[in-house]
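Source file: work-v7.txt. Holds: compact mmCIF, C-alpha atoms (C1' of nucleotides).
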# COMPACT_ATOMS: atom_id res chain seq x y z
CA MET A 1 107.37 84.59 52.61
CA GLN A 2 109.85 81.96 53.75
CA LEU A 3 112.89 82.58 55.90
CA ALA A 4 115.55 80.10 56.90
CA THR A 5 118.64 79.77 59.03
CA TRP A 6 121.57 77.40 58.57
CA ASN A 7 124.87 77.02 60.34
CA VAL A 8 127.02 75.83 57.43
CA ASN A 9 130.31 75.28 59.32
CA SER A 10 132.51 76.87 56.63
CA LEU A 11 130.92 78.45 53.59
CA ALA A 12 134.08 77.68 51.63
CA VAL A 13 133.34 73.98 52.05
CA ARG A 14 129.55 74.19 51.96
CA LEU A 15 128.86 76.70 49.17
CA PRO A 16 127.82 74.01 46.66
CA GLN A 17 125.39 72.59 49.22
CA VAL A 18 123.98 76.02 49.99
CA LEU A 19 123.40 76.73 46.30
CA ALA A 20 121.81 73.32 45.78
CA TRP A 21 119.58 73.80 48.80
CA LEU A 22 118.46 77.23 47.60
CA ALA A 23 117.67 75.81 44.18
CA ALA A 24 115.43 73.22 45.82
CA ASN A 25 114.16 75.59 48.52
CA PRO A 26 113.90 79.07 47.01
CA VAL A 27 113.33 80.83 50.32
CA ASP A 28 113.10 84.60 50.43
CA VAL A 29 115.73 84.97 53.13
CA LEU A 30 118.51 82.68 54.31
CA VAL A 31 120.84 83.59 57.15
CA LEU A 32 124.09 81.67 57.46
CA GLN A 33 126.37 81.13 60.43
CA GLU A 34 129.98 80.03 60.72
CA THR A 35 130.92 81.17 57.25
CA LYS A 36 134.53 81.31 58.55
CA LEU A 37 135.48 83.65 55.72
CA ALA A 38 137.10 87.05 55.74
CA ASP A 39 134.93 89.65 54.00
CA ASP A 40 137.07 89.67 50.85
CA LYS A 41 136.64 85.91 50.47
CA PHE A 42 132.84 85.97 50.51
CA PRO A 43 131.43 84.25 47.38
CA HIS A 44 129.01 87.03 46.45
CA ALA A 45 129.26 86.41 42.68
CA GLU A 46 128.09 82.81 43.00
CA ILE A 47 125.29 83.85 45.34
CA GLU A 48 124.15 86.66 43.06
CA ALA A 49 124.17 84.25 40.14
CA ALA A 50 121.76 82.10 42.15
CA GLY A 51 119.36 85.04 42.40
CA TYR A 52 120.22 86.32 45.87
CA ARG A 53 121.58 89.55 47.22
CA ALA A 54 123.91 89.20 50.17
CA GLN A 55 124.95 91.09 53.25
CA TRP A 56 127.81 89.63 55.18
CA HIS A 57 129.94 90.16 58.24
CA GLY A 58 132.93 87.88 58.01
CA GLN A 59 135.86 86.75 60.05
CA LYS A 60 138.77 84.52 59.18
CA THR A 61 138.68 81.00 60.66
CA TYR A 62 135.94 81.61 63.21
CA ASN A 63 132.34 82.79 63.25
CA GLY A 64 131.11 84.89 60.32
CA VAL A 65 127.49 85.47 59.30
CA ALA A 66 125.57 86.37 56.16
CA LEU A 67 122.06 87.31 55.09
CA LEU A 68 120.91 86.25 51.64
CA SER A 69 117.68 87.64 50.20
CA ARG A 70 115.81 87.57 46.93
CA ALA A 71 114.59 91.15 47.43
CA ASP A 72 116.47 94.26 48.45
CA ALA A 73 117.81 94.32 51.98
CA ALA A 74 117.75 97.73 53.66
CA ASP A 75 119.30 99.29 56.75
CA ALA A 76 121.86 96.56 57.29
CA LEU A 77 123.73 96.35 60.59
CA LYS A 78 126.73 94.31 61.63
CA ASN A 79 126.94 92.88 65.14
CA ILE A 80 125.13 94.37 68.12
CA PRO A 81 125.17 98.17 67.98
CA GLY A 82 126.92 99.58 71.03
CA CYS A 83 128.59 96.27 71.80
CA ASP A 84 132.26 96.30 70.93
CA ASP A 85 132.70 92.67 69.91
CA PRO A 86 135.66 91.55 67.80
CA GLN A 87 133.77 88.37 66.88
CA ALA A 88 131.52 88.53 63.80
CA ARG A 89 128.22 87.11 65.03
CA VAL A 90 125.22 89.15 63.86
CA ILE A 91 123.89 90.47 60.57
CA THR A 92 120.64 92.44 60.41
CA ALA A 93 118.60 93.90 57.57
CA THR A 94 115.02 94.72 56.60
CA VAL A 95 113.55 92.57 53.83
CA GLY A 96 109.95 92.76 52.65
CA GLY A 97 108.93 94.79 55.67
CA VAL A 98 110.43 92.30 58.11
CA ARG A 99 113.40 93.12 60.29
CA VAL A 100 115.63 90.06 60.04
CA VAL A 101 118.31 89.44 62.65
CA GLY A 102 120.65 86.54 61.93
CA GLY A 103 122.88 85.46 64.78
CA TYR A 104 125.63 83.02 65.62
CA MET A 105 125.40 82.99 69.37
CA PRO A 106 128.51 82.05 71.37
CA ASN A 107 129.04 78.38 72.14
CA GLY A 108 130.35 78.98 75.65
CA GLN A 109 132.61 75.91 75.76
CA ALA A 110 131.78 74.88 79.36
CA PRO A 111 130.21 76.41 82.46
CA GLY A 112 132.74 78.29 84.55
CA THR A 113 135.01 79.24 81.68
CA ASP A 114 135.76 82.69 80.29
CA LYS A 115 133.93 81.70 77.13
CA PHE A 116 130.82 80.88 79.15
CA GLU A 117 130.92 84.29 80.82
CA TYR A 118 131.32 85.90 77.40
CA LYS A 119 128.24 83.98 76.27
CA MET A 120 126.22 85.32 79.21
CA GLN A 121 127.35 88.91 78.61
CA TRP A 122 126.75 88.56 74.89
CA PHE A 123 123.15 87.48 75.41
CA ARG A 124 122.59 90.38 77.78
CA ALA A 125 123.87 92.80 75.16
CA LEU A 126 121.72 91.18 72.48
CA ARG A 127 118.65 91.47 74.67
CA ASP A 128 119.28 95.11 75.55
CA TRP A 129 119.63 96.02 71.89
CA LEU A 130 116.71 93.85 70.73
CA ARG A 131 114.35 95.54 73.15
CA ASP A 132 114.92 98.83 71.31
CA GLU A 133 115.05 97.20 67.90
CA LEU A 134 111.64 95.59 68.50
CA ALA A 135 110.21 98.99 69.41
CA ARG A 136 111.52 100.38 66.14
CA HIS A 137 110.60 97.30 64.09
CA PRO A 138 107.58 95.44 65.47
CA ARG A 139 107.75 92.93 62.63
CA LEU A 140 110.99 91.17 63.58
CA VAL A 141 112.51 87.71 63.23
CA LEU A 142 115.52 86.61 65.27
CA MET A 143 117.04 83.43 63.93
CA GLY A 144 120.26 81.53 63.95
CA ASP A 145 122.39 79.12 65.92
CA PHE A 146 121.53 79.99 69.51
CA ASN A 147 123.76 77.31 71.00
CA ILE A 148 120.99 76.70 73.53
CA ALA A 149 118.61 73.76 73.79
CA PRO A 150 115.68 75.54 75.47
CA GLU A 151 113.99 72.56 77.11
CA ASP A 152 114.62 68.90 77.90
CA ARG A 153 112.46 67.89 74.94
CA ASP A 154 115.07 69.59 72.74
CA VAL A 155 117.76 67.14 73.92
CA HIS A 156 118.08 63.49 72.91
CA ASP A 157 119.30 62.49 76.39
CA PRO A 158 118.39 65.18 78.92
CA GLU A 159 120.01 63.35 81.83
CA LEU A 160 123.30 62.97 80.01
CA TRP A 161 123.26 66.63 79.00
CA ARG A 162 121.97 68.14 82.23
CA GLY A 163 124.25 70.98 83.29
CA GLN A 164 126.40 70.57 80.19
CA ILE A 165 127.08 73.38 77.75
CA LEU A 166 124.04 74.20 75.56
CA CYS A 167 121.75 72.88 78.31
CA THR A 168 122.60 74.73 81.53
CA ASP A 169 119.95 76.54 83.53
CA GLU A 170 121.81 79.82 82.94
CA GLU A 171 121.67 79.41 79.18
CA ARG A 172 118.02 78.42 79.24
CA GLU A 173 117.32 81.49 81.34
CA GLN A 174 118.93 83.62 78.62
CA PHE A 175 116.62 82.01 76.07
CA ARG A 176 113.56 82.66 78.23
CA LYS A 177 114.56 86.28 78.64
CA LEU A 178 114.63 86.68 74.88
CA ILE A 179 111.17 85.13 74.69
CA ALA A 180 110.06 87.56 77.40
CA LEU A 181 110.81 90.47 75.06
CA GLY A 182 107.73 89.36 73.14
CA LEU A 183 109.14 86.70 70.87
CA HIS A 184 107.78 83.27 70.01
CA ASP A 185 109.65 80.08 69.18
CA ALA A 186 108.14 79.46 65.74
CA PHE A 187 108.93 75.76 65.84
CA ARG A 188 106.81 75.28 68.96
CA LEU A 189 103.80 77.05 67.50
CA PHE A 190 103.07 73.76 65.77
CA GLU A 191 102.84 70.12 66.65
CA GLN A 192 106.21 68.60 65.79
CA PRO A 193 107.60 65.11 65.53
CA PRO A 194 109.23 64.02 68.81
CA LYS A 195 113.01 63.90 68.76
CA SER A 196 113.32 66.86 66.41
CA TRP A 197 116.87 68.17 66.41
CA SER A 198 118.76 70.77 64.39
CA TRP A 199 122.31 69.71 65.29
CA TRP A 200 124.04 66.36 65.57
CA ASP A 201 127.65 66.08 66.66
CA TYR A 202 129.95 64.74 63.96
CA ARG A 203 131.21 62.24 66.51
CA ASN A 204 129.72 59.03 67.83
CA LEU A 205 127.56 58.37 64.75
CA ALA A 206 125.20 60.88 66.31
CA PHE A 207 123.15 61.56 63.17
CA ARG A 208 122.67 57.91 62.31
CA ARG A 209 121.50 57.36 65.89
CA ASN A 210 119.46 60.58 65.86
CA GLN A 211 121.31 61.77 68.96
CA GLY A 212 120.98 65.52 68.55
CA LEU A 213 119.88 68.78 70.08
CA ARG A 214 117.59 71.53 68.87
CA ILE A 215 119.79 74.62 69.17
CA ASP A 216 118.94 76.48 65.94
CA HIS A 217 115.86 78.63 66.35
CA ILE A 218 113.54 81.09 64.66
CA LEU A 219 111.89 83.55 67.03
CA VAL A 220 109.12 85.77 65.68
CA SER A 221 107.72 88.92 67.20
CA GLU A 222 104.18 89.27 68.47
CA ALA A 223 103.17 91.22 65.35
CA LEU A 224 104.36 88.41 63.09
CA ARG A 225 103.01 85.52 65.10
CA PRO A 226 99.57 85.46 63.40
CA ARG A 227 101.31 85.17 60.05
CA VAL A 228 103.36 82.08 60.88
CA SER A 229 101.85 79.13 59.02
CA ALA A 230 104.66 76.57 59.29
CA CYS A 231 108.08 75.95 60.77
CA CYS A 232 110.20 72.88 60.17
CA ILE A 233 113.71 71.48 60.28
CA ASP A 234 115.05 70.14 56.99
CA LYS A 235 117.16 67.11 57.86
CA LEU A 236 117.95 66.26 54.24
CA PRO A 237 121.17 68.29 53.95
CA ARG A 238 122.56 66.45 57.00
CA LYS A 239 122.47 63.32 54.83
CA ASN A 240 124.72 64.87 52.19
CA GLU A 241 128.31 63.89 51.75
CA ARG A 242 130.48 66.23 53.82
CA PRO A 243 127.45 67.71 55.57
CA SER A 244 127.36 70.58 57.98
CA ASP A 245 126.65 69.32 61.48
CA HIS A 246 123.54 71.56 61.51
CA ALA A 247 120.31 71.34 59.51
CA PRO A 248 118.41 74.34 58.13
CA VAL A 249 115.30 75.58 59.91
CA VAL A 250 112.57 77.17 57.79
CA VAL A 251 109.61 79.37 58.72
CA THR A 252 106.71 80.31 56.47
CA LEU A 253 104.92 83.65 56.91
CA ASP A 254 101.60 84.32 55.24
CA ALA A 255 101.25 87.61 53.43
CA ALA A 256 100.28 90.56 55.61
CA ALA A 257 96.54 90.99 55.90
C1' DA B 1 134.65 51.23 73.75
C1' DT B 2 135.37 54.34 70.17
C1' DG B 3 133.91 56.63 66.47
C1' DT B 4 134.48 64.22 63.50
C1' DC B 5 135.35 68.12 60.94
C1' DA B 6 137.48 72.57 59.67
C1' DC B 7 141.05 75.64 60.14
C1' DC B 8 145.36 77.40 61.72
C1' DT B 9 150.57 77.26 62.04
C1' DG B 10 154.05 75.39 60.24
C1' DG B 11 154.63 71.36 58.44
C1' DT B 12 154.92 66.62 56.60
C1' DA B 13 151.75 66.80 62.79
C1' DG B 14 149.63 69.06 66.47
C1' DG B 15 146.50 72.43 68.49
C1' DT B 16 142.01 74.74 68.81
C1' DG B 17 137.15 75.32 68.55
C1' DA B 18 132.87 73.42 67.98
Could the structure of this file be written out as C-alpha cells, please?
Amino acid sequence: MQLATWNVNSLAVRLPQVLAWLAANPVDVLVLQETKLADDKFPHAEIEAAGYRAQWHGQKTYNGVALLSRADAADALKNIPGCDDPQARVITATVGGVRVVGGYMPNGQAPGTDKFEYKMQWFRALRDWLRDELARHPRLVLMGDFNIAPEDRDVHDPELWRGQILCTDEEREQFRKLIALGLHDAFRLFEQPPKSWSWWDYRNLAFRRNQGLRIDHILVSEALRPRVSACCIDKLPRKNERPSDHAPVVVTLDAAA
DNA sequence: ATGTCACCTGGTAGGTGA
C-alpha cells in the first residue's frame, strides 16, 4: 500500500499535474493541500475518471484539503472534531484498514503574530484529538504540509532560518509533541540523501539552487511502523512547468502480516 | 542585488498569503 501527500497550491491550476502524477505513480491514497477551491468547484469527475474516489473539504481562495483513494474511504471527517475552525485544513478517512489524516497545518506567518498564536492553538487541538483518534484507530497515518522543519538537517541554511517561521523552537516543540503521541517520521526511518527538501520557495531561484526545507511529512503510528518499507520525496513534479512549490512525499506500507 | 505564484477586488493595478 502506498500513500502520498502533496501541497498542490491551487488544484484548479495543478489538476493536470496531479492526474499525470497519479498515472505515473498509482498510489492507493493521495492527500492534497491548498486546493483553494470551494466544495462545488472540486473536480471530482476528472478524479473519478482517473480511478480515484475523493473526499474533500474545500474553501475559496485559501486552504482546502482532499483525500483521494483507489478503494472505498469510510468514516470521513472534516477538520478537527470539537475544534470550531473556519479554515478548511483536515480531511480524515479510513482506507484499507488505515486511518488516514491529511492536514494543511497553519503557516503562522511570523513569531509574535496572531497567525502564529493560531498555529500554536491549532496544533494543540490537533494533538488533543489525535490522542483519542489513535486509541480508536491504532493503524494511523498523519500526513500533509506541517509547515514545520523539525530539525536543522531539514533546512538548507539553518543559521539563516534560525528563529524564523517554520523553524522556531515553539514549532519544533509542537512537532515533537505529535511524535510523543506514538508517531514516527517515516522519512527518517531510512537513510536519506542529505539536503532532502519537500518545499522550495518560488523566489530566489531556490529550487535550482536546492535551497529548500523539509516541511511536508508522513507520520505513522507505532502499529504501522513495522510495515513501512520506504519513504521518499519525489522532486520530479517540482521540475514541471508551472510547478507547485511543494513536492509529493510517498510512503510504502507492506501488507499486514 | 534581485529574482514568485495564485487569488482576490475591482480593475486595467494593488493587496494578501504563502
**Prompt:** Near DG3 in chain B, within 12 Å and counting all atoms listed in the file, which residues show up once chain neighbours fewer than 4 positions away are dropped, as a list in words?
**Reply:**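 What passes the distance filter is Asp201, Tyr202, Arg203, Asn204, Leu205 and Ala206 of chain A.
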As a PDB file with C-alpha atoms (C1' of nucleotides), keeping the file's coordinate frame, please: the residues near Gln109 in chain A (cut-off 9 Å, all atoms listed in the file, same-chain neighbours under 3 positions excluded).
ATOM      1  CA  PRO A 106     128.510  82.050  71.370  1.00  0.00           C
ATOM      2  CA  THR A 113     135.010  79.240  81.680  1.00  0.00           C
ATOM      3  CA  ASP A 114     135.760  82.690  80.290  1.00  0.00           C
ATOM      4  CA  LYS A 115     133.930  81.700  77.130  1.00  0.00           C
ATOM      5  CA  PHE A 116     130.820  80.880  79.150  1.00  0.00           C
ATOM      6  CA  ILE A 165     127.080  73.380  77.750  1.00  0.00           C
ATOM      7  CA  LEU A 166     124.040  74.200  75.560  1.00  0.00           C
TER       8      LEU A 166
ATOM      9  C1'  DG B  17     137.150  75.320  68.550  1.00  0.00           C
ATOM     10  C1'  DA B  18     132.870  73.420  67.980  1.00  0.00           C
TER      11       DA B  18
END
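Across A:Pro243, A:Pro193, A:Gly144, A:Pro248, the tightest approach to chain B is made by A:Pro243 when counting only C-alpha atoms (C1' of nucleotides).
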**Request:** Would you kindly report the residues of chain B within 8 Å of chain A, using only C-alpha atoms (C1' of nucleotides), as a list in words?
**Result:**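 Residues satisfying the distance criterion: DT2, DG3, DT4, DC5, DA6, DC7, DC8 and DA18 of chain B.
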**Item:** From A:Leu224, A:Ala149, A:Cys167, A:Val18, residue lying nearest Ala110 in chain A [all atoms listed in the file]
**Value:**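 Using all atoms listed in the file, Ala110 in chain A sits closest to A:Cys167.
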**Item:** Closest of A:Ala230, A:Leu219, A:Leu22, A:Leu11 to Ala49 in chain A - atom-to-atom distances counting only C-alpha atoms
**Value:**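 Ranking A:Ala230, A:Leu219, A:Leu22, A:Leu11 by distance to Ala49 in chain A, first place goes to A:Leu22.
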**Prompt:** Mind pulling up the distance from CA of Trp21 in chain A to CA of Glu48 in chain A?
**Reply:** 14.8 Å
**Request:** Tell me which protein, DNA and RNA residues are within 9 Å of range 129-131 of chain A, counting only C-alpha atoms (C1' of nucleotides), leaving out same-chain ones fewer than 5 positions away, and put them as a PyMOL selection string.
**Result:** chain A and resi 80-83+124+136+178+181
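For the pair CA of Thr5 in chain A and CA of Ala247 in chain A, the interatomic distance is 8.6 Å.
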**Item:** Top pick for closest residue to Glu34 in chain A, considering A:Ala66, A:Ile47, A:Val251, A:Leu15 and counting only C-alpha atoms
**Value:** A:Ala66
**Message:** For a test of reading the model, state the distance in Å between CA of Val8 in chain A and CA of Glu133 in chain A, rounded to one decimal.
**Reply:** 26.6 Å
**Item:** Radius query 12 Å about (117.2, 82.5, 60.1), atoms used: only C-alpha atoms (C1' of nucleotides), as a PyMOL selection string
**Value:** chain A and resi 2-7+27-33+65-69+90-93+99-104+140-146+186+216-220+231-233+247-252
Please supply range 101-114 of chain A, rebuilt with N, CA and C atoms, as an mmCIF file, in the coordinates of the input.
data_model
loop_
_atom_site.group_PDB
_atom_site.id
_atom_site.type_symbol
_atom_site.label_atom_id
_atom_site.label_comp_id
_atom_site.auth_asym_id
_atom_site.auth_seq_id
_atom_site.Cartn_x
_atom_site.Cartn_y
_atom_site.Cartn_z
ATOM 1 N N VAL A 101 117.071 89.465 61.875
ATOM 2 C CA VAL A 101 118.310 89.440 62.650
ATOM 3 C C VAL A 101 118.846 88.010 62.595
ATOM 4 N N GLY A 102 120.015 87.851 61.993
ATOM 5 C CA GLY A 102 120.650 86.540 61.930
ATOM 6 C C GLY A 102 121.824 86.500 62.899
ATOM 7 N N GLY A 103 121.847 85.490 63.754
ATOM 8 C CA GLY A 103 122.880 85.460 64.780
ATOM 9 C C GLY A 103 123.574 84.123 64.931
ATOM 10 N N TYR A 104 124.866 84.197 65.190
ATOM 11 C CA TYR A 104 125.630 83.020 65.620
ATOM 12 C C TYR A 104 126.022 83.266 67.073
ATOM 13 N N MET A 105 125.202 82.745 67.962
ATOM 14 C CA MET A 105 125.400 82.990 69.370
ATOM 15 C C MET A 105 126.613 82.203 69.865
ATOM 16 N N PRO A 106 127.297 82.733 70.892
ATOM 17 C CA PRO A 106 128.510 82.050 71.370
ATOM 18 C C PRO A 106 128.211 80.647 71.868
ATOM 19 N N ASN A 107 129.174 79.756 71.673
ATOM 20 C CA ASN A 107 129.040 78.380 72.140
ATOM 21 C C ASN A 107 129.190 78.292 73.655
ATOM 22 N N GLY A 108 130.187 78.961 74.202
ATOM 23 C CA GLY A 108 130.350 78.980 75.650
ATOM 24 C C GLY A 108 131.261 77.920 76.222
ATOM 25 N N GLN A 109 131.633 76.953 75.406
ATOM 26 C CA GLN A 109 132.610 75.910 75.760
ATOM 27 C C GLN A 109 132.188 75.047 76.956
ATOM 28 N N ALA A 110 132.161 75.636 78.148
ATOM 29 C CA ALA A 110 131.780 74.880 79.360
ATOM 30 C C ALA A 110 131.460 75.884 80.455
ATOM 31 N N PRO A 111 130.514 75.521 81.341
ATOM 32 C CA PRO A 111 130.210 76.410 82.460
ATOM 33 C C PRO A 111 131.480 76.691 83.271
ATOM 34 N N GLY A 112 131.596 77.935 83.721
ATOM 35 C CA GLY A 112 132.740 78.290 84.550
ATOM 36 C C GLY A 112 133.943 78.801 83.791
ATOM 37 N N THR A 113 133.885 78.758 82.475
ATOM 38 C CA THR A 113 135.010 79.240 81.680
ATOM 39 C C THR A 113 134.799 80.696 81.272
ATOM 40 N N ASP A 114 135.873 81.331 80.802
ATOM 41 C CA ASP A 114 135.760 82.690 80.290
ATOM 42 C C ASP A 114 134.791 82.748 79.110
#
